[in-house]
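Visitor: There's a structure below that I have some questions on.
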Amino acid sequence: MAISVRLQTRYDAANNKVMVRPVAENPYTSLGAEAFWRNAVGALNPLQISGLWAPKFQVTKQMKLVTAGSCFAQHFSRALIARGYPWLDAEPAPSFMSPDTRTKFNYGIFSFRTGNIYTAKMLRQWVEIALDMRDEPDEIWQEGGRFFDPLRPAIEPGGFASEDELRTSRAACLSAIRSAIRDAGVFVFTLGLTESWANSETGLEYASCPGTAAGTYDANKHVFVNHRVDAIQADLNAALAAMKAENPALKVLLTVSPVPLTASASGNHVLTATTYSKSVLRAVAGMTADDSDWVDYFPSYEIITAPAFRGMFYAPNQRNVVSQGVDFVMKNFFADQEAVFGKLKKGKKAAEKPVPPPAAAQSGDDVICEEEMLNAFAK
Amino acid sequence: MPSQSEAAASDSLCIYGDSHVASVKLAWDQGLIDAQGRKVGFWGAAGPSFRGLRWKQGRIVADAGAQADLDLVRGDGPETLGAKDFGAYLFYGARLRLSEFLLELSAASYLSQAALEAATWEFMMSTRTYRFARNFAKAGAPVWFVPTSLPTQGVFPPKEEAAKVGIDLAPQEVDRAFAMLRKLAAKDRVTMVIQPPETLTDEFLTRREFAVENADAARDVVHKSPEFAALMVAQVLDQMKNAKAA
C-alpha cells in the first residue's frame with residue numbers, strides 16, 4: 001500500500017540548519033499561494049498583491065458594457081472607455097455639448113441618466129418601472145416654480161421647467177434603461193448604501209432624503225430605512241431576474257463602493273454605520289455571485305479598503321478614492337481577466353456611435369465648391 | 001455727423017460666406033434679388049480658404065493662403081472686414097450647418113429646455129463665423145445669419161441618403177431646436193433666418209427643386225440653386241425693411 005507523504009522544508013537560522021518534516025495531505029495542501037495570507041498578502045508590498053479575482057466570464061471588447069449604481073461605478077466606466085471598451089451610453093448628449101455641460105446635466109456619467117442608484121431597492125424600482133412591471137410614481141416635488149423627480153432629484157440642475165418636461169425626460173431615461181438592458185453584454189452594478197428614505201404611504205424609495213438635494217422633508221410621510229441582508233438580497237435578485245428575462249445573454253458584474261457614507265441617519269457613528277452598510281452589501285454581492293453563474297463579484301471594494309492597502313488609496317478626507325486607487329483597481333481587473341482568459345484578441349469594437357453623415361454632407365462646402373465660386377464670381 | 005463714406009455705407013449690405021455665397025451671387029446677377037436700393041457687396045472665401053479668414057484686432061482678415069480666394073469674392077470691396085464697413089451684414093451658410101445640428105440632436109436623447117439651450121449655445125459658439133457675427137452685432141452692426149441649408153432631397157441614392165442624412169426627429173422637436181437657435185441668436189442681437197418649412201420635405205431635406213445645377217453629376221447634396229438663395233435673401237431684406245420702418 002502506497003502512502004503519500006509531502007515534505008515541508010524550513011531554514012532554522014539560529015542553528016543554521018534546514019529542517020525537514022513530513023506534512024500529511026489535507027484540503028489546504030493543494031491550495032495555491034493566493035489562499036495563504038503570508039504568501040499572498042503578508043510577504044508582499046501592497047502594490048504587488050494580485051490575483052484577487054478569478055473571473056467567471058470574459059469581458060471582451062465586443063460586449064457592450066453598461067454601468068450603473070453608486071459613485072464608484074463612474075470610475076469604472078471612465079476606465080473602460082479609456083481602454084477602448086464599448087461602454088454603452090444609452091442616453092447620450094449631442095456631441096457638440098461640452099464635457100462641462102454634460103457633467104452639469106449628468107450625461108455620460110452612467111449608461112442612463114438615473115444619477116446614482118445607491119441601493120438594490122432603487123435598482124429594482126428603476127428596472128421594474130422601465131420594464132413596465134410597476135407604475136411610475138405620481139409623486140413629483142415642486143420648489144420655487146421648478147419640478148424635481150424624486151427618483152433622481154439632482155439630475156437636472158435647478159430642476160425641470162414643468163411637470164411635462166420632467167415626465168418627458170423621465171420617459172427618455174426609462175427608454176434608455178430598457179435599451180441598455182436589452183443591448184448589454186455585461187451590466188456592471190455598484191452597490192453603495194443600505195440606508196435610504198422612503199414614502200411611508202406609497203413605499204416609493206427616494207434617491208436621497210427629501211430636503212437634501214430637493215424636496216421638503218415631512219416627518220409624518222418620510223421614513224428612514226436601513227435595509228437588511230434579506231431585503232437587499234430579495235431586491236437585487238428581483239432586479240437581476242427581470243433584466244435576465246429581458247436579455248437572456250446578460251452577464252452581471254457586481255461591485256461594492258469603497259466610498260464611506262457621507263452621513264448616517266442610523267443613530268450610529270458614521271464610521272460604524274459605514275462598516276455595517278458595506279459589510280451587508282459585500283455579503284449580499286458575494287452570495288448573489290455564489291448563487292449564479294452569470295453574476296460575478298469583482299473585489300474593487302477590497303482593493304481599496306483592505307488593511308493590507310493601508311488606506312493609501314484614500315484622499316486625506318479618508319473618503320474619496322484618489323485616481324491612483326482607481327488605476328490600481330482597474331489594473332487588477334484587466335490583469336485578472338487576462339490571467340484566466342488570456343490576452344484579448346484584437347477585434348472590431350461594437351459600434352456605439354451613430355453612423356456619421358457622408359463626407360459630402362458633412363463638409364461638402366469644403367470640397368465641392370471651387371467650381372461654384374469660379375462660376376459665380378470670376379467674370 | 002457721419003462721414004460721406006459712413007453715410008454711403010449705412011445703406012449697404014455685406015453678404016459674407018463660404019461657397020454657399022456663390023448661389024447668392026448668381027441670384028444677384030440673374031436679377032432674382034431686389035435689394036431695395038441697397039448697395040450689395042460680397043466677402044468671404046470658398047473651401048479650405050474659408051478657414052483662413054480670422055478675427056484680428058476687431059476685423060476679419062485673410063491668411064496669406066486665403067487671400068486669392070477672398071479677392072475673387074470681394075472684388076473691389078474692403079481688404080479686411082470690420083463692423084462699420086457696411087450698413088448691415090448677412091452671414092450666409094458659413095459653416096453653421098443645420099444638418100450637423102439636427103443629426104446630432106436626433107442621435108442624442110431628449111434634452112430639457114435648459115440642456116437644449118446649453119447645447120445649442122455651444123454648437124453656435126463652436127462655429128467661428130457665428131462668433132464673427134456676434135462680434136459685429138456687439139459693435140452695433142445689424143446682423144442676419146442664414147445657416148447652411150439642409151441636404152438636398154434625392155441627390156444621393158435613397159438608401160445611402162436615408163442611412164447617412166436621415167434626421168430622426170419629430171417635427172415639434174425640429175421646431176423646438178430652430179426656435180432655440182433663433183432665441184439664442186436674438187440674445188446676441190443676431191437675427192437667425194432658417195429655411196422655411198415650404199423648402200423642406202417631411203424628412204427634413206431641402207426640396208429637390210432647390211438643388212444646385214448639376215447636383216446629381218457632382219453628387220452635391222450641399223449647395224443650392226440661385227432661386228433658393230433669392231428666397232432666403234428676400235426674407236432677410238424684408239426683415240431689414242421692417243426693422244428700419246419700425
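Note on naming: chains are A, B, ... as they come in the C-alpha cells, residues start from 1 per chain, ligands start from 1 in the order shown.
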Contacts of region 21-27 of chain B at 6 Å or less, counting only C-alpha atoms, minus same-chain residues fewer than 2 places along, as a list in words?
Guide: Met373 and Ala376 of chain A; Gly17, Asp18, Ser19, Asp29, Gln30, Leu32, Ser225, Pro226, Ala229 and Ala230 of chain B
Visitor: Would you mind exporting the chosen residues as an mmCIF file, in the first residue's frame, restricted to N, CA and C atoms?
Guide:
```cif
data_model
loop_
_atom_site.group_PDB
_atom_site.id
_atom_site.type_symbol
_atom_site.label_atom_id
_atom_site.label_comp_id
_atom_site.auth_asym_id
_atom_site.auth_seq_id
_atom_site.Cartn_x
_atom_site.Cartn_y
_atom_site.Cartn_z
ATOM 1 N N MET A 373 -17.683 78.762 -56.910
ATOM 2 C CA MET A 373 -17.245 80.133 -56.703
ATOM 3 C C MET A 373 -16.740 80.746 -58.005
ATOM 4 N N ALA A 376 -19.565 81.719 -60.119
ATOM 5 C CA ALA A 376 -20.332 82.869 -59.656
ATOM 6 C C ALA A 376 -19.551 84.173 -59.706
ATOM 7 N N GLY B 17 -19.713 84.892 -46.633
ATOM 8 C CA GLY B 17 -19.924 83.452 -46.558
ATOM 9 C C GLY B 17 -18.855 82.616 -47.199
ATOM 10 N N ASP B 18 -19.154 81.338 -47.243
ATOM 11 C CA ASP B 18 -18.276 80.365 -47.882
ATOM 12 C C ASP B 18 -18.839 80.067 -49.269
ATOM 13 N N SER B 19 -18.673 78.864 -49.766
ATOM 14 C CA SER B 19 -19.100 78.561 -51.141
ATOM 15 C C SER B 19 -20.599 78.777 -51.344
ATOM 16 N N ASP B 29 -26.850 88.270 -59.858
ATOM 17 C CA ASP B 29 -26.539 88.510 -61.271
ATOM 18 C C ASP B 29 -27.746 88.230 -62.168
ATOM 19 N N GLN B 30 -28.559 87.288 -61.756
ATOM 20 C CA GLN B 30 -29.736 86.929 -62.571
ATOM 21 C C GLN B 30 -30.940 87.818 -62.269
ATOM 22 N N LEU B 32 -32.595 88.058 -59.509
ATOM 23 C CA LEU B 32 -33.597 87.404 -58.668
ATOM 24 C C LEU B 32 -33.734 88.084 -57.306
ATOM 25 N N SER B 225 -29.675 76.152 -55.310
ATOM 26 C CA SER B 225 -29.835 76.942 -56.528
ATOM 27 C C SER B 225 -29.899 78.439 -56.218
ATOM 28 N N PRO B 226 -29.711 79.272 -57.233
ATOM 29 C CA PRO B 226 -29.891 80.715 -57.038
ATOM 30 C C PRO B 226 -31.306 81.052 -56.565
ATOM 31 N N ALA B 229 -31.381 80.736 -52.905
ATOM 32 C CA ALA B 229 -30.665 81.859 -52.284
ATOM 33 C C ALA B 229 -31.531 83.114 -52.332
ATOM 34 N N ALA B 230 -32.188 83.337 -53.469
ATOM 35 C CA ALA B 230 -33.034 84.528 -53.611
ATOM 36 C C ALA B 230 -34.163 84.507 -52.584
#
```
Visitor: Excluding same-chain residues fewer than 2 positions from Leu47 (chain A), what lies within 9 Å of it counting only C-alpha atoms, as a ChimeraX atom specification?
Guide: /A:44-45,49-50,309,328
Visitor: Restrict the selected residues to N, CA, C and O atoms and save them as a JSON list (two decimals), in the first residue's frame.
Guide:
```json
[["chain", "number", "residue", "atom", "x", "y", "z"],
["A", 44, "LEU", "N", 4.16, 40.56, 0.91],
["A", 44, "LEU", "CA", 4.24, 41.38, -0.30],
["A", 44, "LEU", "C", 4.10, 42.86, -0.01],
["A", 44, "LEU", "O", 3.42, 43.27, 0.94],
["A", 45, "ASN", "N", 4.73, 43.63, -0.89],
["A", 45, "ASN", "CA", 4.43, 45.05, -0.95],
["A", 45, "ASN", "C", 2.96, 45.14, -1.39],
["A", 45, "ASN", "O", 2.54, 44.37, -2.25],
["A", 49, "ILE", "N", 0.29, 42.85, -4.51],
["A", 49, "ILE", "CA", -0.81, 41.92, -4.26],
["A", 49, "ILE", "C", -1.63, 41.78, -5.54],
["A", 49, "ILE", "O", -2.01, 42.78, -6.16],
["A", 50, "SER", "N", -1.86, 40.56, -5.94],
["A", 50, "SER", "CA", -2.55, 40.36, -7.22],
["A", 50, "SER", "C", -3.38, 39.07, -7.16],
["A", 50, "SER", "O", -3.39, 38.37, -6.16],
["A", 309, "PHE", "N", -3.82, 47.40, 2.23],
["A", 309, "PHE", "CA", -3.52, 48.54, 1.35],
["A", 309, "PHE", "C", -3.35, 49.84, 2.14],
["A", 309, "PHE", "O", -3.12, 50.90, 1.57],
["A", 328, "PHE", "N", -5.28, 51.38, -9.91],
["A", 328, "PHE", "CA", -4.86, 50.10, -9.37],
["A", 328, "PHE", "C", -6.00, 49.08, -9.44],
["A", 328, "PHE", "O", -5.78, 47.90, -9.78]]
```
Visitor: Using only C-alpha atoms, pick whichever of B:Ala46, B:Val193, B:Leu96, B:Ala211 has the shortest atom-to-atom distance to chain A.
Guide: B:Ala46
Visitor: Enumerate as a ChimeraX atom specification all residues of region 27-123 of chain B assigned to alpha helix (DSSP H) by DSSP on the backbone, naming them with the chain letters and numbers the document uses.
Guide: /B:27-29,47-50,67-74,98-107,113-123
Visitor: Please list as a PDB file with N, CA and C atoms, in the first residue's frame every residue within 9 Å of region 216-224 of chain A, counting only C-alpha atoms and excluding residues in the same chain fewer than 3 positions away.
Guide:
```
ATOM      1  N   TRP A 141     -41.816  66.524  -6.865  1.00  0.00           N
ATOM      2  CA  TRP A 141     -41.520  67.597  -5.900  1.00  0.00           C
ATOM      3  C   TRP A 141     -41.483  68.936  -6.632  1.00  0.00           C
ATOM      4  N   GLN A 142     -42.106  69.938  -6.023  1.00  0.00           N
ATOM      5  CA  GLN A 142     -42.125  71.285  -6.592  1.00  0.00           C
ATOM      6  C   GLN A 142     -41.466  72.241  -5.625  1.00  0.00           C
ATOM      7  N   GLU A 143     -40.678  73.133  -6.163  1.00  0.00           N
ATOM      8  CA  GLU A 143     -39.983  74.079  -5.300  1.00  0.00           C
ATOM      9  C   GLU A 143     -39.645  75.313  -6.122  1.00  0.00           C
ATOM     10  N   GLU A 195     -28.634  52.436   3.665  1.00  0.00           N
ATOM     11  CA  GLU A 195     -29.534  53.444   4.248  1.00  0.00           C
ATOM     12  C   GLU A 195     -30.277  54.185   3.141  1.00  0.00           C
ATOM     13  N   SER A 196     -31.560  54.407   3.376  1.00  0.00           N
ATOM     14  CA  SER A 196     -32.344  55.122   2.367  1.00  0.00           C
ATOM     15  C   SER A 196     -33.553  55.763   3.021  1.00  0.00           C
ATOM     16  N   TRP A 197     -34.288  56.514   2.224  1.00  0.00           N
ATOM     17  CA  TRP A 197     -35.513  57.171   2.683  1.00  0.00           C
ATOM     18  C   TRP A 197     -36.639  56.795   1.743  1.00  0.00           C
ATOM     19  N   ALA A 198     -37.807  56.618   2.334  1.00  0.00           N
ATOM     20  CA  ALA A 198     -38.951  56.186   1.520  1.00  0.00           C
ATOM     21  C   ALA A 198     -40.214  56.936   1.932  1.00  0.00           C
ATOM     22  N   ASN A 199     -41.184  56.879   1.047  1.00  0.00           N
ATOM     23  CA  ASN A 199     -42.504  57.431   1.342  1.00  0.00           C
ATOM     24  C   ASN A 199     -43.283  56.360   2.098  1.00  0.00           C
ATOM     25  N   SER A 200     -43.715  56.669   3.310  1.00  0.00           N
ATOM     26  CA  SER A 200     -44.355  55.648   4.149  1.00  0.00           C
ATOM     27  C   SER A 200     -45.710  55.216   3.592  1.00  0.00           C
ATOM     28  N   GLU A 201     -46.340  56.079   2.784  1.00  0.00           N
ATOM     29  CA  GLU A 201     -47.660  55.716   2.242  1.00  0.00           C
ATOM     30  C   GLU A 201     -47.540  54.865   0.983  1.00  0.00           C
ATOM     31  N   CYS A 209     -32.636  61.748   0.702  1.00  0.00           N
ATOM     32  CA  CYS A 209     -33.613  62.176   1.697  1.00  0.00           C
ATOM     33  C   CYS A 209     -34.284  63.475   1.244  1.00  0.00           C
ATOM     34  N   PRO A 210     -35.614  63.536   1.255  1.00  0.00           N
ATOM     35  CA  PRO A 210     -36.285  64.789   0.887  1.00  0.00           C
ATOM     36  C   PRO A 210     -35.739  65.929   1.750  1.00  0.00           C
ATOM     37  N   GLY A 211     -35.534  67.075   1.108  1.00  0.00           N
ATOM     38  CA  GLY A 211     -34.992  68.215   1.842  1.00  0.00           C
ATOM     39  C   GLY A 211     -33.485  68.333   1.721  1.00  0.00           C
ATOM     40  N   THR A 212     -32.828  67.342   1.105  1.00  0.00           N
ATOM     41  CA  THR A 212     -31.375  67.458   0.899  1.00  0.00           C
ATOM     42  C   THR A 212     -31.093  67.968  -0.521  1.00  0.00           C
ATOM     43  N   ALA A 265     -28.031  58.218   9.054  1.00  0.00           N
ATOM     44  CA  ALA A 265     -29.220  58.555   9.844  1.00  0.00           C
ATOM     45  C   ALA A 265     -29.588  57.401  10.768  1.00  0.00           C
ATOM     46  N   SER A 266     -28.683  56.433  10.882  1.00  0.00           N
ATOM     47  CA  SER A 266     -28.996  55.217  11.652  1.00  0.00           C
ATOM     48  C   SER A 266     -28.927  55.434  13.160  1.00  0.00           C
TER      49      SER A 266
END
```
Visitor: Please indicate the distance in Å from CA of Ala154 (chain A) to CA of Ala130 (chain A), rounded to one decimal place.
Guide: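 Distance between the two atoms: 19.5 Å.
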Visitor: Find the residue from A:Gln318, A:Thr119, A:Ser70, A:Thr168 that sits nearest to chain B; use only C-alpha atoms when measuring.
Guide: A:Thr168
Visitor: Could you list the residues in chain B lying within 6 Å of chain A, using only C-alpha atoms, and format the result as a list in words?
Guide: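 Written out as asked, the residues are Ser19, Ala22, Lys25, Leu26, Gly47, Pro48, Glu104, Leu105, Ala108, Ser109, Ala119, Phe123, Lys164, Val165 and Val222 of chain B.
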Visitor: Once you have the residues from the selection above, write them out as an mmCIF file, in the first residue's frame, restricted to C-alpha atoms.
Guide:
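The new file result21.cif reads:
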```cif
data_model
loop_
_atom_site.group_PDB
_atom_site.id
_atom_site.type_symbol
_atom_site.label_atom_id
_atom_site.label_comp_id
_atom_site.auth_asym_id
_atom_site.auth_seq_id
_atom_site.Cartn_x
_atom_site.Cartn_y
_atom_site.Cartn_z
ATOM 1 C CA SER B 19 -19.100 78.561 -51.141
ATOM 2 C CA ALA B 22 -21.981 81.683 -54.797
ATOM 3 C CA LYS B 25 -24.116 85.987 -56.269
ATOM 4 C CA LEU B 26 -25.729 84.040 -59.105
ATOM 5 C CA GLY B 47 -13.444 75.664 -49.370
ATOM 6 C CA PRO B 48 -10.400 75.388 -47.114
ATOM 7 C CA GLU B 104 -26.587 65.292 -33.549
ATOM 8 C CA LEU B 105 -29.820 66.113 -31.803
ATOM 9 C CA ALA B 108 -28.956 62.221 -28.751
ATOM 10 C CA SER B 109 -31.522 61.572 -26.112
ATOM 11 C CA ALA B 119 -26.011 72.583 -26.071
ATOM 12 C CA PHE B 123 -22.947 74.487 -31.058
ATOM 13 C CA LYS B 164 -26.413 58.919 -43.758
ATOM 14 C CA VAL B 165 -28.531 62.016 -43.989
ATOM 15 C CA VAL B 222 -24.926 70.609 -50.032
#
```
Visitor: Set the distance at 8 Å and use only C-alpha atoms: which residues neighbour Leu236 (chain A) once local chain neighbours fewer than 6 positions away are removed? I'd like the list as a ChimeraX atom specification.
Guide: /A:120-121,123-124
Visitor: Output N, CA, C and O atoms for every residue in that selection, as a PDB file, in the first residue's frame.
Guide:
```pdb
ATOM      1  N   ALA A 120     -30.102  48.506  -3.725  1.00  0.00           N
ATOM      2  CA  ALA A 120     -30.682  47.453  -4.561  1.00  0.00           C
ATOM      3  C   ALA A 120     -32.171  47.719  -4.795  1.00  0.00           C
ATOM      4  O   ALA A 120     -32.713  47.425  -5.866  1.00  0.00           O
ATOM      5  N   LYS A 121     -32.816  48.319  -3.803  1.00  0.00           N
ATOM      6  CA  LYS A 121     -34.249  48.618  -3.949  1.00  0.00           C
ATOM      7  C   LYS A 121     -34.463  49.656  -5.054  1.00  0.00           C
ATOM      8  O   LYS A 121     -35.407  49.553  -5.844  1.00  0.00           O
ATOM      9  N   LEU A 123     -32.501  50.142  -7.607  1.00  0.00           N
ATOM     10  CA  LEU A 123     -32.266  49.461  -8.886  1.00  0.00           C
ATOM     11  C   LEU A 123     -33.528  48.708  -9.289  1.00  0.00           C
ATOM     12  O   LEU A 123     -33.971  48.770 -10.446  1.00  0.00           O
ATOM     13  N   ARG A 124     -34.104  48.007  -8.331  1.00  0.00           N
ATOM     14  CA  ARG A 124     -35.310  47.236  -8.625  1.00  0.00           C
ATOM     15  C   ARG A 124     -36.442  48.159  -9.099  1.00  0.00           C
ATOM     16  O   ARG A 124     -37.135  47.854 -10.076  1.00  0.00           O
TER      17      ARG A 124
END
```
Visitor: CA of Ala241 (chain A) and CA of Leu193 (chain A), how far apart in Å?
Guide: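 Those two atoms sit 20.9 Å apart.
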Visitor: Which of these, B:Val143, B:Met180, B:Val190, B:Val155, has the shortest distance to Phe86 (chain B) once you count only C-alpha atoms?
Guide: B:Val143
Visitor: Figure out the distance between CA of Ala24 (chain A) and CA of Leu7 (chain A), please, to one decimal in Å.
Guide: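 Rounded to one decimal, the two atoms are 8.6 Å apart.
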Visitor: Could you list, as a list of chain:residue names, every residue within 10 Å of Leu261 (chain A), counting only C-alpha atoms and ignoring same-chain residues fewer than 4 positions away?
Guide: A:Gly192, A:Leu193, A:Thr194, A:Glu195, A:Ser257, A:Val270, A:Leu271, A:Thr272, A:Ala273, A:Thr274, A:Thr275, A:Ser277, A:Lys278, A:Arg319
Visitor: Which polymer residues have any atom within 8 Å of an atom of Tyr297 (chain A), counting only C-alpha atoms, with same-chain residues fewer than 2 positions away left out, as a PyMOL selection string?
Guide: chain A and resi 253-255+285-286+289+295+299
Visitor: Would you please work out which residue, of B:Asp11, B:Phe91, B:Arg219, B:Phe228, is nearest to Glu198 (chain B) when using only C-alpha atoms?
Guide: B:Phe228
Visitor: Identify which of the residues B:Leu53, B:Val236, B:Leu150, B:Leu72 lies closest to Asp220 (chain B), counting only C-alpha atoms when measuring atom-to-atom distances.
Guide: B:Leu150
Visitor: Skip Lys39 (chain B) itself and residues of its chain fewer than 2 positions away, then list as a PyMOL selection string all residues within 7 Å of it, counting only C-alpha atoms.
Guide: chain B and resi 11-13+37+41
Visitor: Would you output that residue set with N, CA and C atoms, as a short mmCIF file (atom, residue, chain, number, x, y, z; two decimals), in the first residue's frame?
Guide:
```cif
data_model
loop_
_atom_site.label_atom_id
_atom_site.label_comp_id
_atom_site.auth_asym_id
_atom_site.auth_seq_id
_atom_site.Cartn_x
_atom_site.Cartn_y
_atom_site.Cartn_z
N ASP B 11 -26.37 102.35 -45.91
CA ASP B 11 -27.43 101.70 -46.66
C ASP B 11 -26.92 100.51 -47.47
N SER B 12 -25.79 100.00 -47.05
CA SER B 12 -25.20 98.90 -47.81
C SER B 12 -25.32 97.58 -47.06
N LEU B 13 -25.24 96.52 -47.80
CA LEU B 13 -25.35 95.18 -47.21
C LEU B 13 -24.15 94.34 -47.66
N GLY B 37 -32.71 99.04 -53.32
CA GLY B 37 -31.84 100.22 -53.38
C GLY B 37 -30.56 100.11 -52.59
N GLY B 41 -22.44 94.11 -51.33
CA GLY B 41 -21.07 93.65 -51.52
C GLY B 41 -20.93 92.22 -51.01
#
```
Visitor: Of the candidates B:Arg59, B:Arg189, B:Lys138, B:Arg207, which shows the shortest atom-to-atom distance to Gly154 (chain B), using only C-alpha atoms?
Guide: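 Closest to Gly154 (chain B) of all the choices is B:Arg207.
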